[in-house]
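S.K.: Dropping in target_28.tsv, with TSV, C-alpha atoms and all ligand atoms.
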```tsv
chain	number	residue	atom	x	y	z
M	1	MET	CA	0.00	0.00	0.00
M	2	ASP	CA	2.71	2.46	1.00
M	3	GLU	CA	4.73	1.88	-2.09
M	4	LYS	CA	1.63	2.44	-4.21
M	5	LYS	CA	0.84	5.72	-2.50
M	6	LYS	CA	4.10	7.00	-3.85
M	7	ILE	CA	2.97	6.36	-7.42
M	8	ARG	CA	1.48	9.59	-8.71
M	9	ILE	CA	-0.96	9.28	-11.59
M	10	ALA	CA	-2.47	12.02	-13.74
M	11	VAL	CA	-5.85	11.03	-15.14
M	12	LEU	CA	-6.31	12.68	-18.54
M	13	MET	CA	-9.99	13.29	-19.23
M	14	GLY	CA	-12.49	15.49	-21.06
M	15	GLY	CA	-10.81	16.56	-24.27
M	16	TYR	CA	-12.43	17.76	-27.49
M	17	SER	CA	-14.33	14.82	-28.89
M	18	ALA	CA	-18.10	14.31	-28.97
M	19	GLU	CA	-17.47	11.85	-26.14
M	20	ARG	CA	-16.12	14.60	-23.89
M	21	ASP	CA	-18.90	14.27	-21.28
M	22	VAL	CA	-18.58	10.50	-21.15
M	23	SER	CA	-14.84	10.89	-20.65
M	24	LEU	CA	-15.33	13.30	-17.75
M	25	ALA	CA	-17.55	10.70	-16.09
M	26	THR	CA	-14.99	7.95	-16.76
M	27	GLY	CA	-12.22	10.22	-15.42
M	28	ALA	CA	-14.09	11.02	-12.21
M	29	GLY	CA	-14.71	7.29	-11.65
M	30	VAL	CA	-11.10	6.41	-12.40
M	31	ILE	CA	-9.70	9.06	-10.02
M	32	LYS	CA	-11.82	7.70	-7.20
M	33	GLY	CA	-11.00	4.08	-8.05
M	34	LEU	CA	-7.26	4.79	-8.21
M	35	ARG	CA	-7.42	6.51	-4.82
M	36	ASP	CA	-9.36	3.55	-3.43
M	37	ALA	CA	-6.54	1.36	-4.74
M	38	GLY	CA	-4.04	3.47	-2.80
M	39	TYR	CA	-2.57	5.61	-5.59
M	40	ASN	CA	-2.09	9.34	-5.55
M	41	ALA	CA	-4.32	10.55	-8.42
M	42	ILE	CA	-5.05	13.97	-9.94
M	43	GLY	CA	-7.38	14.86	-12.82
M	44	ILE	CA	-6.47	16.99	-15.84
M	45	ASP	CA	-8.90	18.04	-18.58
M	46	THR	CA	-6.81	18.11	-21.76
M	47	ALA	CA	-9.08	20.82	-23.19
M	48	MET	CA	-8.28	23.10	-20.28
M	49	GLY	CA	-4.51	23.07	-20.54
M	50	ALA	CA	-2.19	22.62	-17.64
M	51	SER	CA	-4.40	23.04	-14.61
M	52	GLN	CA	-5.57	20.25	-12.34
M	53	LEU	CA	-9.31	19.79	-11.86
M	54	SER	CA	-10.48	20.85	-8.41
M	55	GLU	CA	-11.90	18.25	-6.06
M	56	ASN	CA	-15.31	19.95	-6.24
M	57	LYS	CA	-15.30	19.86	-10.02
M	58	ILE	CA	-14.39	16.17	-10.06
M	59	LYS	CA	-17.37	15.39	-7.79
M	60	GLU	CA	-19.78	17.04	-10.25
M	61	LEU	CA	-18.67	15.07	-13.28
M	62	SER	CA	-20.36	11.71	-12.96
M	63	LYS	CA	-23.63	12.71	-14.69
M	64	ILE	CA	-23.83	12.47	-18.49
M	65	GLU	CA	-26.33	14.73	-20.32
M	66	GLU	CA	-28.95	13.26	-22.63
M	67	ASN	CA	-27.15	14.39	-25.79
M	68	PRO	CA	-23.46	14.71	-26.65
M	69	PRO	CA	-21.98	18.23	-26.82
M	70	SER	CA	-22.58	19.85	-30.22
M	71	ASN	CA	-19.79	20.44	-32.72
M	72	THR	CA	-20.26	24.17	-32.08
M	73	ASP	CA	-19.70	23.69	-28.32
M	74	LEU	CA	-16.64	21.60	-29.05
M	75	SER	CA	-15.20	24.05	-31.55
M	76	GLU	CA	-14.95	26.61	-28.76
M	77	LEU	CA	-12.39	24.45	-26.99
M	78	ASP	CA	-8.75	25.01	-27.87
M	79	ALA	CA	-7.13	21.80	-29.12
M	80	SER	CA	-3.64	23.19	-28.57
M	81	ALA	CA	-4.32	23.09	-24.82
M	82	THR	CA	-3.24	19.44	-25.02
M	83	ILE	CA	0.31	20.59	-25.75
M	84	GLN	CA	0.21	22.68	-22.57
M	85	THR	CA	-1.15	19.68	-20.66
M	86	VAL	CA	1.63	17.40	-21.81
M	87	SER	CA	4.38	19.91	-21.06
M	88	SER	CA	2.89	21.19	-17.77
M	89	PRO	CA	4.65	20.90	-14.40
M	90	ASP	CA	1.71	18.79	-13.17
M	91	LEU	CA	2.56	16.18	-15.74
M	92	LYS	CA	6.30	16.37	-15.06
M	93	ASN	CA	5.54	15.64	-11.41
M	94	VAL	CA	3.66	12.40	-12.00
M	95	ASP	CA	4.97	8.91	-12.60
M	96	MET	CA	2.44	8.03	-15.24
M	97	VAL	CA	-0.78	8.93	-16.99
M	98	PHE	CA	-4.07	7.06	-16.91
M	99	ILE	CA	-5.87	7.89	-20.16
M	100	ALA	CA	-9.58	8.30	-19.42
M	101	LEU	CA	-10.31	10.05	-22.72
M	102	HIS	CA	-12.74	8.64	-25.27
M	103	GLY	CA	-12.81	9.20	-29.01
M	104	GLY	CA	-11.00	11.73	-31.16
M	105	MET	CA	-7.43	12.62	-30.38
M	106	GLY	CA	-7.57	10.93	-26.98
M	107	GLU	CA	-8.28	7.50	-28.43
M	108	ASN	CA	-6.80	7.66	-31.93
M	109	GLY	CA	-3.12	7.62	-31.02
M	110	THR	CA	-2.49	11.36	-31.06
M	111	ILE	CA	-2.24	11.82	-27.28
M	112	GLN	CA	-0.39	8.53	-27.05
M	113	ALA	CA	2.19	9.91	-29.49
M	114	LEU	CA	2.62	13.10	-27.44
M	115	LEU	CA	3.15	11.05	-24.30
M	116	ASP	CA	5.68	8.86	-26.09
M	117	ILE	CA	7.58	11.98	-27.10
M	118	VAL	CA	7.77	13.30	-23.53
M	119	GLY	CA	8.50	9.80	-22.21
M	120	ILE	CA	5.64	9.47	-19.75
M	121	PRO	CA	4.21	5.96	-19.29
M	122	TYR	CA	0.50	5.69	-20.03
M	123	THR	CA	-2.22	3.07	-19.76
M	124	GLY	CA	-3.79	1.18	-22.62
M	125	SER	CA	-2.84	0.74	-26.24
M	126	GLY	CA	0.01	2.48	-28.02
M	127	VAL	CA	-0.09	4.75	-31.06
M	128	LEU	CA	-0.63	2.23	-33.85
M	129	ALA	CA	-3.29	0.08	-32.18
M	130	SER	CA	-5.14	3.20	-31.04
M	131	ALA	CA	-5.12	4.71	-34.53
M	132	VAL	CA	-6.20	1.53	-36.29
M	133	ALA	CA	-8.93	0.62	-33.79
M	134	MET	CA	-10.43	4.10	-33.98
M	135	ASP	CA	-10.75	3.76	-37.74
M	136	LYS	CA	-13.62	1.27	-38.06
M	137	VAL	CA	-12.84	0.24	-41.65
M	138	ALA	CA	-9.13	-0.25	-40.97
M	139	ALA	CA	-10.00	-2.36	-37.92
M	140	LYS	CA	-12.52	-4.45	-39.87
M	141	ARG	CA	-9.92	-5.16	-42.57
M	142	ILE	CA	-7.25	-6.25	-40.11
M	143	VAL	CA	-9.53	-8.25	-37.86
M	144	SER	CA	-11.26	-10.03	-40.75
M	145	ALA	CA	-7.85	-10.86	-42.27
M	146	ALA	CA	-7.11	-12.55	-38.93
M	147	GLY	CA	-10.15	-14.78	-39.44
M	148	VAL	CA	-12.87	-12.98	-37.50
M	149	PRO	CA	-16.04	-12.31	-39.52
M	150	THR	CA	-17.32	-8.74	-39.73
M	151	PRO	CA	-20.54	-7.47	-41.39
M	152	ASP	CA	-20.32	-6.70	-45.12
M	153	TYR	CA	-19.80	-3.03	-45.82
M	154	PHE	CA	-18.61	-0.34	-48.14
M	155	VAL	CA	-17.07	2.99	-47.29
M	156	LYS	CA	-17.20	6.35	-49.08
M	157	ALA	CA	-15.46	9.67	-48.66
M	158	SER	CA	-18.02	12.10	-47.18
M	159	SER	CA	-17.29	14.61	-49.95
M	160	GLU	CA	-18.17	12.03	-52.59
M	161	ILE	CA	-21.66	11.16	-51.36
M	162	ASN	CA	-23.94	13.58	-53.12
M	163	ASP	CA	-26.32	11.62	-55.29
M	164	MET	CA	-28.87	9.72	-53.17
M	165	ASP	CA	-30.29	7.72	-56.10
M	166	GLU	CA	-26.83	6.44	-56.86
M	167	LEU	CA	-26.34	5.56	-53.20
M	168	VAL	CA	-29.62	3.63	-53.06
M	169	LYS	CA	-28.49	1.62	-56.10
M	170	ALA	CA	-25.10	0.94	-54.52
M	171	ILE	CA	-26.82	-0.30	-51.36
M	172	GLU	CA	-29.39	-2.41	-53.16
M	173	ASN	CA	-26.63	-4.06	-55.21
M	174	THR	CA	-24.57	-4.91	-52.12
M	175	ILE	CA	-25.60	-4.91	-48.45
M	176	GLY	CA	-29.28	-4.02	-48.88
M	177	PHE	CA	-31.71	-2.49	-46.39
M	178	PRO	CA	-31.83	-2.16	-43.43
M	179	LEU	CA	-28.26	-1.01	-42.96
M	180	VAL	CA	-26.18	0.84	-40.41
M	181	ILE	CA	-24.70	4.22	-41.36
M	182	LYS	CA	-21.66	5.22	-39.31
M	183	PRO	CA	-19.09	7.97	-39.23
M	184	ASN	CA	-15.91	5.92	-39.75
M	185	ASP	CA	-14.11	7.12	-36.64
M	186	GLN	CA	-16.58	8.07	-33.92
M	187	GLY	CA	-17.70	6.34	-30.76
M	188	SER	CA	-20.69	6.18	-28.40
M	189	SER	CA	-23.03	5.75	-31.41
M	190	VAL	CA	-22.69	9.48	-32.13
M	191	GLY	CA	-23.79	10.23	-35.71
M	192	LEU	CA	-24.70	6.54	-36.18
M	193	ASN	CA	-28.14	5.41	-37.37
M	194	ILE	CA	-29.99	2.41	-38.75
M	195	ALA	CA	-31.70	3.17	-42.06
M	196	MET	CA	-34.71	0.97	-42.72
M	197	ARG	CA	-35.57	2.43	-46.14
M	198	PRO	CA	-34.17	4.65	-48.91
M	199	SER	CA	-36.12	7.71	-47.75
M	200	GLU	CA	-34.06	7.81	-44.52
M	201	LEU	CA	-30.68	7.82	-46.21
M	202	GLU	CA	-30.28	11.52	-46.78
M	203	LYS	CA	-30.71	12.62	-43.17
M	204	TYR	CA	-28.57	9.82	-41.78
M	205	VAL	CA	-25.76	10.37	-44.28
M	206	LYS	CA	-25.81	14.05	-43.34
M	207	GLN	CA	-25.44	13.18	-39.65
M	208	ALA	CA	-22.58	10.76	-40.29
M	209	LYS	CA	-20.79	13.34	-42.46
M	210	GLU	CA	-20.88	15.83	-39.59
M	211	TYR	CA	-18.57	13.56	-37.63
M	212	SER	CA	-16.20	12.06	-40.16
M	213	ASP	CA	-14.70	12.52	-43.57
M	214	ARG	CA	-15.61	8.92	-44.35
M	215	VAL	CA	-18.97	7.21	-44.01
M	216	LEU	CA	-19.24	3.49	-43.38
M	217	PHE	CA	-22.29	1.66	-44.76
M	218	GLU	CA	-22.63	-1.66	-42.97
M	219	LYS	CA	-25.04	-4.55	-43.28
M	220	MET	CA	-27.35	-4.67	-40.29
M	221	ILE	CA	-27.01	-7.87	-38.30
M	222	GLU	CA	-30.25	-8.73	-36.60
M	223	GLY	CA	-29.74	-10.57	-33.37
M	224	ARG	CA	-27.98	-10.03	-30.06
M	225	GLU	CA	-25.34	-7.57	-28.85
M	226	LEU	CA	-22.38	-9.03	-26.96
M	227	THR	CA	-19.10	-7.56	-25.93
M	228	VAL	CA	-15.82	-9.12	-24.84
M	229	SER	CA	-13.62	-7.27	-22.38
M	230	ILE	CA	-9.94	-8.11	-22.48
M	231	LEU	CA	-7.60	-7.54	-19.55
M	232	GLY	CA	-3.92	-8.29	-20.03
M	233	ASN	CA	-3.90	-11.42	-22.15
M	234	GLU	CA	-7.24	-12.78	-21.08
M	235	ALA	CA	-10.87	-12.44	-22.02
M	236	LEU	CA	-13.14	-11.59	-19.09
M	237	PRO	CA	-16.73	-12.91	-18.82
M	238	VAL	CA	-18.83	-11.88	-21.83
M	239	ALA	CA	-21.46	-9.14	-21.41
M	240	GLU	CA	-24.79	-8.90	-23.21
M	241	VAL	CA	-26.43	-5.53	-23.77
M	242	ILE	CA	-30.18	-5.34	-24.20
M	243	PRO	CA	-31.35	-1.80	-25.00
M	244	LYS	CA	-34.95	-1.14	-23.97
M	245	GLY	CA	-36.60	-0.21	-27.26
M	246	GLY	CA	-34.61	1.14	-30.22
M	247	PHE	CA	-30.94	0.27	-30.56
M	248	TYR	CA	-27.85	0.93	-28.44
M	249	ASP	CA	-27.59	4.63	-29.27
M	250	TYR	CA	-26.13	7.45	-27.14
M	251	GLN	CA	-29.25	7.77	-24.97
M	252	HIS	CA	-29.48	4.02	-24.36
M	253	LYS	CA	-25.79	3.92	-23.52
M	254	TYR	CA	-25.75	6.68	-20.92
M	255	THR	CA	-29.25	7.14	-19.50
M	256	PRO	CA	-29.50	4.94	-16.42
M	257	GLY	CA	-32.14	2.24	-16.86
M	258	LEU	CA	-32.37	2.36	-20.67
M	259	ALA	CA	-30.30	-0.76	-21.29
M	260	ASP	CA	-29.80	-3.99	-19.37
M	261	LYS	CA	-26.24	-5.25	-19.09
M	262	ILE	CA	-26.06	-8.94	-18.29
M	263	VAL	CA	-22.77	-10.45	-17.16
M	264	PRO	CA	-22.02	-13.24	-17.67
M	265	ALA	CA	-24.14	-13.28	-20.81
M	266	PRO	CA	-26.64	-16.13	-21.11
M	267	LEU	CA	-24.65	-18.14	-23.66
M	268	SER	CA	-23.64	-21.79	-23.71
M	269	GLU	CA	-20.09	-22.66	-22.66
M	270	ASP	CA	-19.15	-23.23	-26.29
M	271	GLU	CA	-20.64	-19.93	-27.42
M	272	THR	CA	-18.83	-18.10	-24.64
M	273	ALA	CA	-15.53	-19.75	-25.48
M	274	GLU	CA	-16.00	-18.98	-29.18
M	275	VAL	CA	-16.66	-15.25	-28.80
M	276	GLN	CA	-13.91	-14.89	-26.18
M	277	LYS	CA	-11.54	-16.50	-28.65
M	278	LEU	CA	-12.64	-14.14	-31.42
M	279	GLY	CA	-12.25	-11.18	-29.05
M	280	LEU	CA	-8.70	-12.21	-28.22
M	281	ILE	CA	-7.85	-12.70	-31.90
M	282	ALA	CA	-9.10	-9.16	-32.63
M	283	PHE	CA	-7.20	-7.71	-29.64
M	284	ARG	CA	-3.97	-9.35	-30.77
M	285	ALA	CA	-4.44	-8.63	-34.47
M	286	LEU	CA	-4.79	-4.94	-33.65
M	287	ASN	CA	-1.82	-5.14	-31.23
M	288	CYS	CA	-3.85	-3.67	-28.37
M	289	ARG	CA	-2.29	-3.48	-24.94
M	290	GLY	CA	-3.53	-3.63	-21.36
M	291	TYR	CA	-7.25	-3.67	-21.88
M	292	ALA	CA	-9.92	-3.11	-24.50
M	293	ARG	CA	-13.52	-4.02	-25.25
M	294	ILE	CA	-14.45	-5.77	-28.47
M	295	ASP	CA	-18.06	-5.37	-29.68
M	296	PHE	CA	-19.86	-8.17	-31.52
M	297	ARG	CA	-23.26	-8.96	-32.98
M	298	TYR	CA	-24.57	-12.52	-32.73
M	299	SER	CA	-26.91	-13.20	-35.61
M	300	LYS	CA	-30.13	-15.17	-35.46
M	301	ASP	CA	-28.40	-17.97	-37.39
M	302	LYS	CA	-25.73	-18.03	-34.67
M	303	LYS	CA	-22.82	-16.36	-36.41
M	304	TRP	CA	-20.49	-13.91	-34.69
M	305	TYR	CA	-19.67	-10.58	-36.31
M	306	PHE	CA	-16.96	-8.19	-35.13
M	307	LEU	CA	-18.22	-4.58	-35.05
M	308	GLU	CA	-15.35	-2.64	-33.54
M	309	ALA	CA	-12.61	-2.55	-30.90
M	310	ASN	CA	-12.67	0.11	-28.18
M	311	THR	CA	-9.15	0.78	-26.95
M	312	LEU	CA	-10.47	3.24	-24.35
M	313	PRO	CA	-13.83	1.81	-23.31
M	314	GLY	CA	-16.06	3.47	-20.71
M	315	MET	CA	-14.67	3.00	-17.20
M	316	THR	CA	-17.28	4.18	-14.75
M	317	ARG	CA	-18.20	1.56	-12.19
M	318	THR	CA	-21.32	0.64	-14.17
M	319	SER	CA	-19.54	0.43	-17.53
M	320	LEU	CA	-19.19	-2.89	-19.31
M	321	VAL	CA	-15.47	-3.57	-18.68
M	322	PRO	CA	-15.73	-2.99	-14.90
M	323	LYS	CA	-18.86	-5.16	-14.83
M	324	ALA	CA	-17.06	-7.94	-16.69
M	325	ALA	CA	-14.09	-7.67	-14.32
M	326	LYS	CA	-16.39	-7.85	-11.32
M	327	ALA	CA	-17.96	-11.03	-12.71
M	328	ALA	CA	-14.41	-12.44	-12.77
M	329	GLY	CA	-13.95	-11.44	-9.12
M	330	ILE	CA	-11.93	-8.28	-9.83
M	331	GLU	CA	-13.32	-5.19	-8.12
M	332	PHE	CA	-12.96	-1.77	-9.75
M	333	PRO	CA	-9.83	-0.59	-7.83
M	334	GLY	CA	-8.19	-3.96	-8.52
M	335	LEU	CA	-9.02	-3.63	-12.22
M	336	LEU	CA	-7.40	-0.19	-12.37
M	337	GLU	CA	-4.37	-1.51	-10.53
M	338	ARG	CA	-3.92	-4.29	-13.12
M	339	ILE	CA	-4.14	-1.74	-15.95
M	340	VAL	CA	-1.61	0.52	-14.22
M	341	ARG	CA	0.79	-2.37	-13.53
M	342	ILE	CA	0.71	-3.58	-17.13
M	343	ALA	CA	1.52	-0.06	-18.36
M	344	LEU	CA	4.38	0.46	-15.91
M	345	ASP	CA	5.90	-2.99	-16.49
M	346	ASP	CA	5.75	-2.46	-20.22
M	347	PHE	CA	7.36	0.94	-19.96
M	348	LYS	CA	10.10	-0.45	-17.71
M	349	ARG	CA	10.87	-3.11	-20.25
M	350	GLY	CA	11.28	-0.27	-22.71
M	351	LYS	CA	8.94	-1.92	-25.17
M	352	LYS	CA	8.29	0.21	-28.16
M	353	ARG	CA	4.60	0.65	-28.65
Y	1	LIG	N1	-23.90	-3.99	-38.33
Y	1	LIG	C1	-24.69	-3.75	-37.29
Y	1	LIG	N2	-25.82	-4.47	-37.11
Y	1	LIG	C2	-26.65	-4.21	-36.07
Y	1	LIG	N3	-26.43	-3.26	-35.15
Y	1	LIG	C3	-25.33	-2.51	-35.28
Y	1	LIG	C4	-24.39	-2.72	-36.34
Y	1	LIG	N4	-23.40	-1.82	-36.21
Y	1	LIG	C5	-23.69	-1.09	-35.12
Y	1	LIG	N5	-24.85	-1.49	-34.55
Y	1	LIG	C6	-25.45	-0.92	-33.33
Y	1	LIG	O1	-24.89	0.37	-33.10
Y	1	LIG	C7	-24.08	0.38	-31.90
Y	1	LIG	C8	-22.82	1.21	-32.09
Y	1	LIG	O2	-22.04	0.68	-33.15
Y	1	LIG	P1	-20.48	0.50	-33.05
Y	1	LIG	O3	-20.00	0.00	-34.37
Y	1	LIG	O4	-20.13	-0.32	-31.86
Y	1	LIG	O5	-19.97	2.00	-32.90
Y	1	LIG	P2	-19.63	2.95	-31.64
Y	1	LIG	O6	-18.18	3.20	-31.79
Y	1	LIG	O7	-20.43	4.18	-31.86
Y	1	LIG	O8	-19.98	2.19	-30.40
Y	1	LIG	C9	-23.79	-1.08	-31.63
Y	1	LIG	O9	-23.53	-1.28	-30.27
Y	1	LIG	C10	-25.07	-1.77	-32.12
Y	1	LIG	O10	-26.10	-1.66	-31.19
Y	2	MG	MG	-19.43	0.21	-29.88
```
For the structure just supplied, provide its representation as structure tokens.
Ligand SMILES: Nc1ncnc2c1ncn2[C@@H]1O[C@H](COP(=O)(O)OP(=O)(O)O)[C@@H](O)[C@H]1O
Ligand SMILES: [Mg+2]
M.R.:
Amino acid sequence: MDEKKKIRIAVLMGGYSAERDVSLATGAGVIKGLRDAGYNAIGIDTAMGASQLSENKIKELSKIEENPPSNTDLSELDASATIQTVSSPDLKNVDMVFIALHGGMGENGTIQALLDIVGIPYTGSGVLASAVAMDKVAAKRIVSAAGVPTPDYFVKASSEINDMDELVKAIENTIGFPLVIKPNDQGSSVGLNIAMRPSELEKYVKQAKEYSDRVLFEKMIEGRELTVSILGNEALPVAEVIPKGGFYDYQHKYTPGLADKIVPAPLSEDETAEVQKLGLIAFRALNCRGYARIDFRYSKDKKWYFLEANTLPGMTRTSLVPKAAKAAGIEFPGLLERIVRIALDDFKRGKKR
């Protein structure tokens, strides 16, 4: 315990992405969990530069609003504040960083690269795995090449989608309706919709374009939603998500009571083993480190489909990874401690990430 107290950890949170609010909630949970585990933790919002978050501010952060912050709200934040964060005395005085950011530059390898440059150890995946996992199409290509099925899809540059009749034809000739329309590199279902019919395409494409310069059109897989949390080199118990009405969109993800999370998922032993194996293959193919959460659909004809890998999944106490860890007998502070240890050991070994 005493030795741990000496380890000082800066929790990076907030940031500029549409998942800013979710990240602040994750960060507040992580700070508390790290302190419960005996570490000395401070919080820093990378959109606010070099200053530590006050204790009062941290206490207010656990609630997530119904909708994500708008692009206009986010554009008022100054992205260069991250440079101040990384070079601030607060960061020089810590032993490591716990990355509690989600989406955008926090999850796509950019912050990881800055931390590599200044030589500060950090939790989770390195630059390459972060960048590839954040790019849904890149991740699908790599993971399917490793033998894990993923729904059929096509991708288009946002600037090249103008003619809706042409798009309808392209869809009808390939994946068909209904389909899922996603910004290629967002999270938390922001800008993501399920189009049942051609008349819905225009509005959904417009939403996806707001969040990415590429739009992913993916075959909709009817069936169940299961997710595999990986810690270290092992798959934790599988979680099933059952949204109440609709699909697992932003509101169903973050409004308490709008989705059931069942861990361990009601699957047979063989089914569990199969999806855990596929989750581990995806984790390794992407070269993730420490922890991650791999999302799957399980079709009515009992086939598994990889949707995406989250290198910085939600980490409040009620998030899926902490729930999966708990089902494996690992309480939240213990989970954070494992993630911290892996990062420090890796850094000590001088492994290039
Ligand atoms: N191909 C699909 N078939 C059915 N549902 C999907 C599909 N793709 C996404 N979804 C639904 O949308 C949610 C978010 O999609 P996902 O690809 O995981 O992106 P995000 O990064 O926003 O979480 C999923 O959890 C699932 O409920
Ligand atoms: Mg997801």
S.K.: With distances taken over only C-alpha atoms, which of M:Leu74, M:Leu179, M:Leu320, M:Ala265 is nearest to Tyr153 in chain M?
M.R.: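 Closest to Tyr153 in chain M, using only C-alpha atoms: M:Leu179.
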S.K.: Hey, can you check how far CA of Asp45 in chain M sits from CA of Leu335 in chain M?
M.R.: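 Between CA of Asp45 in chain M and CA of Leu335 in chain M the gap works out to 22.6 Å.
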S.K.: So which residues are near ligand LIG 1 (chain Y), meaning at most 7 Å away with all atoms listed in the file counted, given back as a ChimeraX atom specification?
M.R.: /M:151,180,186-190,192,218-222,225,247-249,295,297,307-308
S.K.: Could you state the separation of CA of Ala145 in chain M and CA of Ala131 in chain M in Å, given to one decimal place?
M.R.: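 Here the two named atoms are 17.6 Å from each other.
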S.K.: With distances taken over only C-alpha atoms and all ligand atoms, which residue among M:Phe332, M:Phe296, M:Tyr204, M:Phe347 lies nearest ligand MG 2 (chain Y)?
M.R.: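 Nearest candidate to ligand MG 2 (chain Y) out of M:Phe332, M:Phe296, M:Tyr204, M:Phe347: M:Phe296.
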S.K.: Name the residues in contact with Val137 in chain M at a cut-off of 8 Å, using only C-alpha atoms, excluding same-chain residues fewer than 3 positions from it; report them as a ChimeraX atom specification.
M.R.: /M:140-141,155,184,216
S.K.: Convert the current residue selection to file output with C-alpha atoms, as a short mmCIF file (atom, residue, chain, number, x, y, z; two decimals), in the coordinates of the input.
M.R.:
```cif
data_model
loop_
_atom_site.label_atom_id
_atom_site.label_comp_id
_atom_site.auth_asym_id
_atom_site.auth_seq_id
_atom_site.Cartn_x
_atom_site.Cartn_y
_atom_site.Cartn_z
CA LYS M 140 -12.52 -4.45 -39.87
CA ARG M 141 -9.92 -5.16 -42.57
CA VAL M 155 -17.07 2.99 -47.29
CA ASN M 184 -15.91 5.92 -39.75
CA LEU M 216 -19.24 3.49 -43.38
#
```
S.K.: Using only C-alpha atoms, which residues sit within 10 Å of Phe306 in chain M once same-chain residues fewer than 2 positions away are excluded, as a list in words?
M.R.: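 Result of the neighbour search: Ala139, Lys140, Val143, Ser144, Val148, Pro149, Thr150, Pro151, Leu226, Thr227, Val275, Leu278, Gly279, Ala282, Ile294, Asp295, Phe296, Arg297, Tyr298, Trp304, Glu308 and Ala309 of chain M.
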S.K.: Using all atoms listed in the file, which of M:Gly103, M:Gly126, M:Gly176, M:Gly109 sits nearest ligand MG 2 (chain Y)?
M.R.: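 Counting all atoms listed in the file, the residue closest to ligand MG 2 (chain Y) is M:Gly103.
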S.K.: Kindly provide, as a PyMOL selection string, the polymer residues lying within 12 Å of (-13.6, 20.2, -10.4), counting all atoms listed in the file and using the coordinates exactly as they appear in the file.
M.R.: chain M and resi 13-14+24-25+27-28+31+42-45+48+51-62
S.K.: Using only C-alpha atoms and all ligand atoms, which of the listed residues (M:Ala324, M:Val263, M:Leu336, M:Val241) sits closest to ligand MG 2 (chain Y)?
M.R.: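 Distance minimum relative to ligand MG 2 (chain Y) lands on M:Val241.
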S.K.: Neighbours of Leu231 in chain M within 9 Å (all atoms listed in the file; same-chain residues fewer than 2 positions away dropped), as a list in words?
M.R.: Ser229, Asn233, Glu234, Ala235, Leu236, Arg289, Gly290, Tyr291, Ala292, Arg293, Val321, Ala325, Leu335, Arg338 and Ile339 of chain M
S.K.: As an exercise, work out the distance from CA of Pro121 in chain M to CA of Met96 in chain M in Å and give it to one decimal place.
M.R.: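 For CA of Pro121 in chain M relative to CA of Met96 in chain M, the distance reads 4.9 Å.
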S.K.: In file coordinates, which residues lie within 7 Å of (0.3, 10.1, -6.1) using only C-alpha atoms, given as a list in words?
M.R.: Lys5, Lys6, Ile7, Arg8, Ile9, Tyr39, Asn40 and Ala41 of chain M
S.K.: Using C-alpha atoms, can you write the selected residues to a file as a JSON list (two decimals), in the frame of the given file?
M.R.:
```
[["chain", "number", "residue", "atom", "x", "y", "z"],
["M", 5, "LYS", "CA", 0.84, 5.72, -2.50],
["M", 6, "LYS", "CA", 4.10, 7.00, -3.85],
["M", 7, "ILE", "CA", 2.97, 6.36, -7.42],
["M", 8, "ARG", "CA", 1.48, 9.59, -8.71],
["M", 9, "ILE", "CA", -0.96, 9.28, -11.59],
["M", 39, "TYR", "CA", -2.57, 5.61, -5.59],
["M", 40, "ASN", "CA", -2.09, 9.34, -5.55],
["M", 41, "ALA", "CA", -4.32, 10.55, -8.42]]
```
S.K.: Skip Lys323 in chain M itself and residues of its chain fewer than 2 positions away, then list as a ChimeraX atom specification all residues within 10 Å of it, counting only C-alpha atoms.
M.R.: /M:229,236-239,261-264,315-321,325-332
S.K.: Go ahead and write the selection's residues with C-alpha atoms as a tab-separated table (two decimals), keeping the file's coordinate frame.
M.R.:
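Final file, again-v2.tsv:
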```
chain	number	residue	atom	x	y	z
M	229	SER	CA	-13.62	-7.27	-22.38
M	236	LEU	CA	-13.14	-11.59	-19.09
M	237	PRO	CA	-16.73	-12.91	-18.82
M	238	VAL	CA	-18.83	-11.88	-21.83
M	239	ALA	CA	-21.46	-9.14	-21.41
M	261	LYS	CA	-26.24	-5.25	-19.09
M	262	ILE	CA	-26.06	-8.94	-18.29
M	263	VAL	CA	-22.77	-10.45	-17.16
M	264	PRO	CA	-22.02	-13.24	-17.67
M	315	MET	CA	-14.67	3.00	-17.20
M	316	THR	CA	-17.28	4.18	-14.75
M	317	ARG	CA	-18.20	1.56	-12.19
M	318	THR	CA	-21.32	0.64	-14.17
M	319	SER	CA	-19.54	0.43	-17.53
M	320	LEU	CA	-19.19	-2.89	-19.31
M	321	VAL	CA	-15.47	-3.57	-18.68
M	325	ALA	CA	-14.09	-7.67	-14.32
M	326	LYS	CA	-16.39	-7.85	-11.32
M	327	ALA	CA	-17.96	-11.03	-12.71
M	328	ALA	CA	-14.41	-12.44	-12.77
M	329	GLY	CA	-13.95	-11.44	-9.12
M	330	ILE	CA	-11.93	-8.28	-9.83
M	331	GLU	CA	-13.32	-5.19	-8.12
M	332	PHE	CA	-12.96	-1.77	-9.75
```
S.K.: May I ask which of the residues M:Ala100, M:Leu91, M:Ala37, M:Ala138 is the closest one to Val118 in chain M, counting only C-alpha atoms?
M.R.: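 With only C-alpha atoms as the atom set, the closest residue is M:Leu91.
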S.K.: Can you pull out every residue within 8 Å of Glu107 in chain M, counting only C-alpha atoms, but drop anything in the same chain fewer than 2 positions away, and send it as a count of residues only?
M.R.: 13
S.K.: Nearest residue to Lys300 in chain M out of M:Leu201, M:Arg224, M:Leu344, M:Arg349, using all atoms listed in the file?
M.R.: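 Checking each of M:Leu201, M:Arg224, M:Leu344, M:Arg349 against Lys300 in chain M, counting all atoms listed in the file, the winner is M:Arg224.
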